[in-house]
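Text of final_35.cif (mmCIF, N, CA and C atoms) as supplied:
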```
data_upload
#
loop_
_atom_site.group_PDB
_atom_site.id
_atom_site.type_symbol
_atom_site.label_atom_id
_atom_site.label_comp_id
_atom_site.auth_asym_id
_atom_site.auth_seq_id
_atom_site.Cartn_x
_atom_site.Cartn_y
_atom_site.Cartn_z
ATOM 1 N N ALA A 19 108.766 62.298 76.166
ATOM 2 C CA ALA A 19 109.946 62.404 75.327
ATOM 3 C C ALA A 19 109.757 61.629 74.028
ATOM 4 N N GLN A 20 109.007 60.539 74.066
ATOM 5 C CA GLN A 20 108.812 59.731 72.863
ATOM 6 C C GLN A 20 107.979 60.465 71.816
ATOM 7 N N LEU A 21 107.156 61.394 72.230
ATOM 8 C CA LEU A 21 106.284 62.107 71.302
ATOM 9 C C LEU A 21 106.838 63.451 70.859
ATOM 10 N N ARG A 22 107.852 63.946 71.527
ATOM 11 C CA ARG A 22 108.312 65.316 71.328
ATOM 12 C C ARG A 22 108.522 65.669 69.859
ATOM 13 N N GLY A 23 109.125 64.800 69.082
ATOM 14 C CA GLY A 23 109.406 65.096 67.682
ATOM 15 C C GLY A 23 108.197 65.060 66.776
ATOM 16 N N ARG A 24 107.050 64.644 67.288
ATOM 17 C CA ARG A 24 105.867 64.477 66.462
ATOM 18 C C ARG A 24 104.817 65.570 66.650
ATOM 19 N N PHE A 25 104.995 66.472 67.584
ATOM 20 C CA PHE A 25 103.966 67.466 67.868
ATOM 21 C C PHE A 25 103.658 68.354 66.668
ATOM 22 N N ALA A 26 104.660 68.705 65.899
ATOM 23 C CA ALA A 26 104.443 69.601 64.760
ATOM 24 C C ALA A 26 103.719 68.921 63.603
ATOM 25 N N ALA A 27 103.580 67.600 63.621
ATOM 26 C CA ALA A 27 102.984 66.864 62.510
ATOM 27 C C ALA A 27 101.484 66.653 62.668
ATOM 28 N N TRP A 28 100.843 67.268 63.651
ATOM 29 C CA TRP A 28 99.429 66.994 63.902
ATOM 30 C C TRP A 28 98.550 67.301 62.705
ATOM 31 N N ARG A 29 98.918 68.287 61.897
ATOM 32 C CA ARG A 29 98.068 68.687 60.775
ATOM 33 C C ARG A 29 98.002 67.632 59.671
ATOM 34 N N VAL A 30 99.014 66.792 59.562
ATOM 35 C CA VAL A 30 99.052 65.834 58.458
ATOM 36 C C VAL A 30 98.834 64.392 58.890
ATOM 37 N N GLU A 31 98.917 64.094 60.169
ATOM 38 C CA GLU A 31 98.879 62.703 60.603
ATOM 39 C C GLU A 31 97.598 62.288 61.313
ATOM 40 N N SER A 32 96.645 63.171 61.465
ATOM 41 C CA SER A 32 95.380 62.817 62.096
ATOM 42 C C SER A 32 94.397 62.367 61.016
ATOM 43 N N ASP A 33 93.325 61.678 61.419
ATOM 44 C CA ASP A 33 92.305 61.323 60.430
ATOM 45 C C ASP A 33 91.598 62.598 59.980
ATOM 46 N N ALA A 34 90.889 62.516 58.875
ATOM 47 C CA ALA A 34 90.317 63.707 58.237
ATOM 48 C C ALA A 34 89.364 64.479 59.141
ATOM 49 N N ALA A 35 88.445 63.792 59.815
ATOM 50 C CA ALA A 35 87.469 64.488 60.658
ATOM 51 C C ALA A 35 88.148 65.147 61.856
ATOM 52 N N THR A 36 89.043 64.409 62.492
ATOM 53 C CA THR A 36 89.763 64.973 63.639
ATOM 54 C C THR A 36 90.591 66.170 63.206
ATOM 55 N N THR A 37 91.270 66.032 62.086
ATOM 56 C CA THR A 37 92.104 67.127 61.587
ATOM 57 C C THR A 37 91.268 68.369 61.316
ATOM 58 N N ALA A 38 90.111 68.205 60.699
ATOM 59 C CA ALA A 38 89.262 69.360 60.379
ATOM 60 C C ALA A 38 88.818 70.087 61.636
ATOM 61 N N HIS A 39 88.356 69.353 62.638
ATOM 62 C CA HIS A 39 87.884 69.982 63.868
ATOM 63 C C HIS A 39 89.039 70.582 64.663
ATOM 64 N N LEU A 40 90.093 69.812 64.807
ATOM 65 C CA LEU A 40 91.249 70.294 65.556
ATOM 66 C C LEU A 40 91.886 71.491 64.860
ATOM 67 N N ALA A 41 91.987 71.424 63.551
ATOM 68 C CA ALA A 41 92.583 72.533 62.800
ATOM 69 C C ALA A 41 91.793 73.818 63.000
ATOM 70 N N SER A 42 90.469 73.738 63.001
ATOM 71 C CA SER A 42 89.681 74.960 63.174
ATOM 72 C C SER A 42 89.879 75.548 64.566
ATOM 73 N N ILE A 43 89.957 74.690 65.569
ATOM 74 C CA ILE A 43 90.187 75.170 66.937
ATOM 75 C C ILE A 43 91.583 75.770 67.063
ATOM 76 N N LEU A 44 92.579 75.037 66.587
ATOM 77 C CA LEU A 44 93.951 75.523 66.737
ATOM 78 C C LEU A 44 94.242 76.709 65.827
ATOM 79 N N ASP A 45 93.568 76.792 64.683
ATOM 80 C CA ASP A 45 93.698 77.989 63.846
ATOM 81 C C ASP A 45 93.207 79.223 64.601
ATOM 82 N N GLU A 46 92.105 79.062 65.332
ATOM 83 C CA GLU A 46 91.583 80.170 66.137
ATOM 84 C C GLU A 46 92.578 80.556 67.227
ATOM 85 N N VAL A 47 93.123 79.569 67.916
ATOM 86 C CA VAL A 47 94.125 79.838 68.957
ATOM 87 C C VAL A 47 95.344 80.508 68.337
ATOM 88 N N GLU A 48 95.779 79.979 67.195
ATOM 89 C CA GLU A 48 96.970 80.493 66.515
ATOM 90 C C GLU A 48 96.793 81.932 66.046
ATOM 91 N N SER A 49 95.557 82.329 65.759
ATOM 92 C CA SER A 49 95.315 83.680 65.249
ATOM 93 C C SER A 49 95.319 84.742 66.348
ATOM 94 N N ARG A 50 95.262 84.349 67.596
ATOM 95 C CA ARG A 50 95.108 85.303 68.705
ATOM 96 C C ARG A 50 96.319 86.203 68.948
ATOM 97 N N PRO A 51 97.538 85.647 69.032
ATOM 98 C CA PRO A 51 98.663 86.533 69.370
ATOM 99 C C PRO A 51 98.989 87.510 68.240
ATOM 100 N N ASP A 52 99.485 88.667 68.626
ATOM 101 C CA ASP A 52 99.958 89.650 67.666
ATOM 102 C C ASP A 52 101.439 89.352 67.425
ATOM 103 N N ALA A 53 101.679 88.370 66.554
ATOM 104 C CA ALA A 53 103.049 87.938 66.283
ATOM 105 C C ALA A 53 103.114 87.361 64.876
ATOM 106 N N ALA A 54 104.318 87.173 64.378
ATOM 107 C CA ALA A 54 104.512 86.586 63.054
ATOM 108 C C ALA A 54 103.988 85.146 63.040
ATOM 109 N N LEU A 55 103.563 84.679 61.876
ATOM 110 C CA LEU A 55 102.999 83.336 61.742
ATOM 111 C C LEU A 55 103.921 82.244 62.294
ATOM 112 N N PRO A 56 105.226 82.259 62.010
ATOM 113 C CA PRO A 56 106.078 81.209 62.580
ATOM 114 C C PRO A 56 106.065 81.196 64.113
ATOM 115 N N VAL A 57 105.998 82.365 64.724
ATOM 116 C CA VAL A 57 105.940 82.453 66.186
ATOM 117 C C VAL A 57 104.610 81.897 66.682
ATOM 118 N N ARG A 58 103.513 82.260 66.031
ATOM 119 C CA ARG A 58 102.199 81.754 66.426
ATOM 120 C C ARG A 58 102.129 80.238 66.306
ATOM 121 N N ARG A 59 102.710 79.699 65.244
ATOM 122 C CA ARG A 59 102.717 78.237 65.071
ATOM 123 C C ARG A 59 103.547 77.558 66.161
ATOM 124 N N GLU A 60 104.670 78.144 66.508
ATOM 125 C CA GLU A 60 105.501 77.596 67.596
ATOM 126 C C GLU A 60 104.726 77.603 68.908
ATOM 127 N N ARG A 61 103.936 78.616 69.120
ATOM 128 C CA ARG A 61 103.157 78.683 70.357
ATOM 129 C C ARG A 61 102.091 77.596 70.413
ATOM 130 N N VAL A 62 101.479 77.275 69.282
ATOM 131 C CA VAL A 62 100.504 76.190 69.259
ATOM 132 C C VAL A 62 101.192 74.863 69.567
ATOM 133 N N ILE A 63 102.374 74.647 68.997
ATOM 134 C CA ILE A 63 103.127 73.426 69.295
ATOM 135 C C ILE A 63 103.486 73.383 70.783
ATOM 136 N N ALA A 64 103.927 74.502 71.332
ATOM 137 C CA ALA A 64 104.246 74.560 72.760
ATOM 138 C C ALA A 64 103.007 74.287 73.608
ATOM 139 N N LEU A 65 101.858 74.791 73.173
ATOM 140 C CA LEU A 65 100.598 74.545 73.866
ATOM 141 C C LEU A 65 100.290 73.047 73.893
ATOM 142 N N ILE A 66 100.432 72.386 72.753
ATOM 143 C CA ILE A 66 100.185 70.946 72.681
ATOM 144 C C ILE A 66 101.151 70.189 73.591
ATOM 145 N N MET A 67 102.406 70.594 73.588
ATOM 146 C CA MET A 67 103.408 69.940 74.431
ATOM 147 C C MET A 67 103.083 70.137 75.911
ATOM 148 N N LEU A 68 102.710 71.353 76.286
ATOM 149 C CA LEU A 68 102.367 71.640 77.679
ATOM 150 C C LEU A 68 101.170 70.812 78.129
ATOM 151 N N LEU A 69 100.131 70.794 77.325
ATOM 152 C CA LEU A 69 98.931 70.012 77.667
ATOM 153 C C LEU A 69 99.268 68.534 77.839
ATOM 154 N N THR A 70 99.998 67.998 76.893
ATOM 155 C CA THR A 70 100.343 66.577 76.928
ATOM 156 C C THR A 70 101.189 66.237 78.145
ATOM 157 N N ALA A 71 102.214 67.026 78.389
ATOM 158 C CA ALA A 71 103.113 66.755 79.517
ATOM 159 C C ALA A 71 102.399 66.907 80.858
ATOM 160 N N ALA A 72 101.599 67.952 81.002
ATOM 161 C CA ALA A 72 100.922 68.198 82.276
ATOM 162 C C ALA A 72 99.918 67.092 82.601
ATOM 163 N N VAL A 73 99.144 66.692 81.621
ATOM 164 C CA VAL A 73 98.148 65.644 81.851
ATOM 165 C C VAL A 73 98.836 64.306 82.101
ATOM 166 N N ALA A 74 99.898 64.015 81.345
ATOM 167 C CA ALA A 74 100.634 62.761 81.550
ATOM 168 C C ALA A 74 101.264 62.703 82.937
ATOM 169 N N GLU A 75 101.838 63.802 83.384
ATOM 170 C CA GLU A 75 102.461 63.827 84.715
ATOM 171 C C GLU A 75 101.412 63.657 85.808
ATOM 172 N N ARG A 76 100.267 64.289 85.637
ATOM 173 C CA ARG A 76 99.191 64.129 86.630
ATOM 174 C C ARG A 76 98.729 62.671 86.676
ATOM 175 N N ALA A 77 98.567 62.069 85.514
ATOM 176 C CA ALA A 77 98.157 60.659 85.464
ATOM 177 C C ALA A 77 99.214 59.758 86.091
ATOM 178 N N ARG A 78 100.484 60.027 85.824
ATOM 179 C CA ARG A 78 101.563 59.226 86.390
ATOM 180 C C ARG A 78 101.528 59.282 87.906
ATOM 181 N N ARG A 79 101.340 60.482 88.441
ATOM 182 C CA ARG A 79 101.294 60.641 89.897
ATOM 183 C C ARG A 79 100.071 59.952 90.499
ATOM 184 N N MET A 80 98.971 59.939 89.780
ATOM 185 C CA MET A 80 97.783 59.222 90.266
ATOM 186 C C MET A 80 98.046 57.716 90.280
ATOM 187 N N GLU A 81 98.667 57.230 89.219
ATOM 188 C CA GLU A 81 98.934 55.796 89.115
ATOM 189 C C GLU A 81 99.915 55.305 90.163
ATOM 190 N N ASP A 82 100.978 56.079 90.406
ATOM 191 C CA ASP A 82 101.989 55.591 91.354
ATOM 192 C C ASP A 82 101.649 55.927 92.808
ATOM 193 N N GLY A 83 100.535 56.625 93.020
ATOM 194 C CA GLY A 83 100.076 56.910 94.364
ATOM 195 C C GLY A 83 100.774 58.059 95.052
ATOM 196 N N SER A 84 101.606 58.801 94.331
ATOM 197 C CA SER A 84 102.308 59.916 94.968
ATOM 198 C C SER A 84 101.410 61.128 95.170
ATOM 199 N N GLY A 85 100.262 61.125 94.541
ATOM 200 C CA GLY A 85 99.271 62.175 94.774
ATOM 201 C C GLY A 85 99.541 63.452 94.011
ATOM 202 N N ASN A 86 98.544 64.294 93.988
ATOM 203 C CA ASN A 86 98.621 65.588 93.320
ATOM 204 C C ASN A 86 98.239 66.671 94.310
ATOM 205 N N ASP A 87 98.907 67.795 94.216
ATOM 206 C CA ASP A 87 98.660 68.895 95.141
ATOM 207 C C ASP A 87 97.366 69.642 94.830
ATOM 208 N N LEU A 88 96.949 69.614 93.567
ATOM 209 C CA LEU A 88 95.762 70.373 93.157
ATOM 210 C C LEU A 88 94.571 69.446 92.971
ATOM 211 N N SER A 89 93.394 69.944 93.322
ATOM 212 C CA SER A 89 92.160 69.214 93.022
ATOM 213 C C SER A 89 91.993 69.195 91.498
ATOM 214 N N ASP A 90 91.051 68.390 91.022
ATOM 215 C CA ASP A 90 90.814 68.333 89.578
ATOM 216 C C ASP A 90 90.445 69.709 89.028
ATOM 217 N N ASP A 91 89.533 70.406 89.699
ATOM 218 C CA ASP A 91 89.125 71.739 89.231
ATOM 219 C C ASP A 91 90.286 72.721 89.249
ATOM 220 N N ASP A 92 91.079 72.699 90.320
ATOM 221 C CA ASP A 92 92.225 73.608 90.396
ATOM 222 C C ASP A 92 93.264 73.275 89.325
ATOM 223 N N PHE A 93 93.464 71.994 89.066
ATOM 224 C CA PHE A 93 94.399 71.578 88.019
ATOM 225 C C PHE A 93 93.946 72.111 86.668
ATOM 226 N N VAL A 94 92.674 71.914 86.342
ATOM 227 C CA VAL A 94 92.154 72.375 85.054
ATOM 228 C C VAL A 94 92.250 73.889 84.942
ATOM 229 N N ASN A 95 91.860 74.614 85.976
ATOM 230 C CA ASN A 95 91.940 76.076 85.935
ATOM 231 C C ASN A 95 93.376 76.564 85.778
ATOM 232 N N ASN A 96 94.296 75.925 86.487
ATOM 233 C CA ASN A 96 95.703 76.293 86.362
ATOM 234 C C ASN A 96 96.231 75.974 84.972
ATOM 235 N N LEU A 97 95.839 74.838 84.416
ATOM 236 C CA LEU A 97 96.279 74.459 83.080
ATOM 237 C C LEU A 97 95.750 75.442 82.035
ATOM 238 N N ILE A 98 94.519 75.866 82.195
ATOM 239 C CA ILE A 98 93.951 76.876 81.286
ATOM 240 C C ILE A 98 94.770 78.165 81.358
ATOM 241 N N ASP A 99 95.096 78.601 82.573
ATOM 242 C CA ASP A 99 95.900 79.814 82.731
ATOM 243 C C ASP A 99 97.273 79.664 82.086
ATOM 244 N N MET A 100 97.897 78.505 82.278
ATOM 245 C CA MET A 100 99.232 78.287 81.691
ATOM 246 C C MET A 100 99.177 78.256 80.177
ATOM 247 N N CYS A 101 98.162 77.604 79.627
ATOM 248 C CA CYS A 101 98.020 77.539 78.171
ATOM 249 C C CYS A 101 97.757 78.918 77.573
ATOM 250 N N ALA A 102 96.923 79.693 78.241
ATOM 251 C CA ALA A 102 96.672 81.060 77.782
ATOM 252 C C ALA A 102 97.954 81.883 77.797
ATOM 253 N N ALA A 103 98.773 81.668 78.819
ATOM 254 C CA ALA A 103 100.049 82.394 78.895
ATOM 255 C C ALA A 103 100.996 82.002 77.760
ATOM 256 N N VAL A 104 101.014 80.737 77.409
ATOM 257 C CA VAL A 104 101.871 80.283 76.306
ATOM 258 C C VAL A 104 101.445 80.952 75.001
ATOM 259 N N VAL A 105 100.163 80.975 74.739
ATOM 260 C CA VAL A 105 99.668 81.529 73.491
ATOM 261 C C VAL A 105 99.845 83.046 73.437
ATOM 262 N N SER A 106 99.648 83.699 74.548
ATOM 263 C CA SER A 106 99.661 85.168 74.551
ATOM 264 C C SER A 106 100.993 85.782 74.955
ATOM 265 N N ALA A 107 102.010 84.979 75.170
ATOM 266 C CA ALA A 107 103.328 85.496 75.627
ATOM 267 C C ALA A 107 103.862 86.571 74.716
#
```
As structure tokens, please, write out the structure in this file.
Amino acid sequence: AQLRGRFAAWRVESDAATTAHLASILDEVESRPDAALPVRRERVIALIMLLTAAVAERARRMEDGSGNDLSDDDFVNNLIDMCAAVVSA
């Protein structure tokens, strides 16, 4: 929740090298859907939010000992599927 308002600012607030590499990757992701540019940009922001929340929740559960239902490989594969669904919705 503390980061939610900052996800859209990634293009201007990262260091130059990180921004260049990340921008090229996310530009490629953003170009995939057949949708208007504002919709594609919203999907990239949603992708970043999903990745951040999912990884943070998994880490929280590991730290507090409540455990995770998925193995590391299953978690990563499921996260890839979910991210692809967000971008291609």
### Query
Could you spell out the hits of the PyMOL selection byres ((chain A and resi 59-67) around 6.5) on the shown file, as a PyMOL selection string?
chain A and resi 25-26+48+54-58+68-72+101+104-105
### Among the residues A:Leu88, A:Val73, A:Ala107, A:Ala102, the one that comes closest to Asp52 of chain A [using only N, CA and C atoms]
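For Asp52 of chain A, the nearest of the given residues is A:Ala107.
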### Query
atom N of Ala77 of chain A and atom C of Ala103 of chain A are how many Å apart?
21.5 Å
Calculate, to one decimal in Å, the centre and edge lengths of the box along x, y and z of the file that holds all listed atoms of segment 57-60 of chain A with 4 Å of margin on each side, and present them as AutoDock Vina command-line options.
```
--center_x 104.1 --center_y 80.0 --center_z 66.8 --size_x 11.9 --size_y 12.9 --size_z 12.2
```
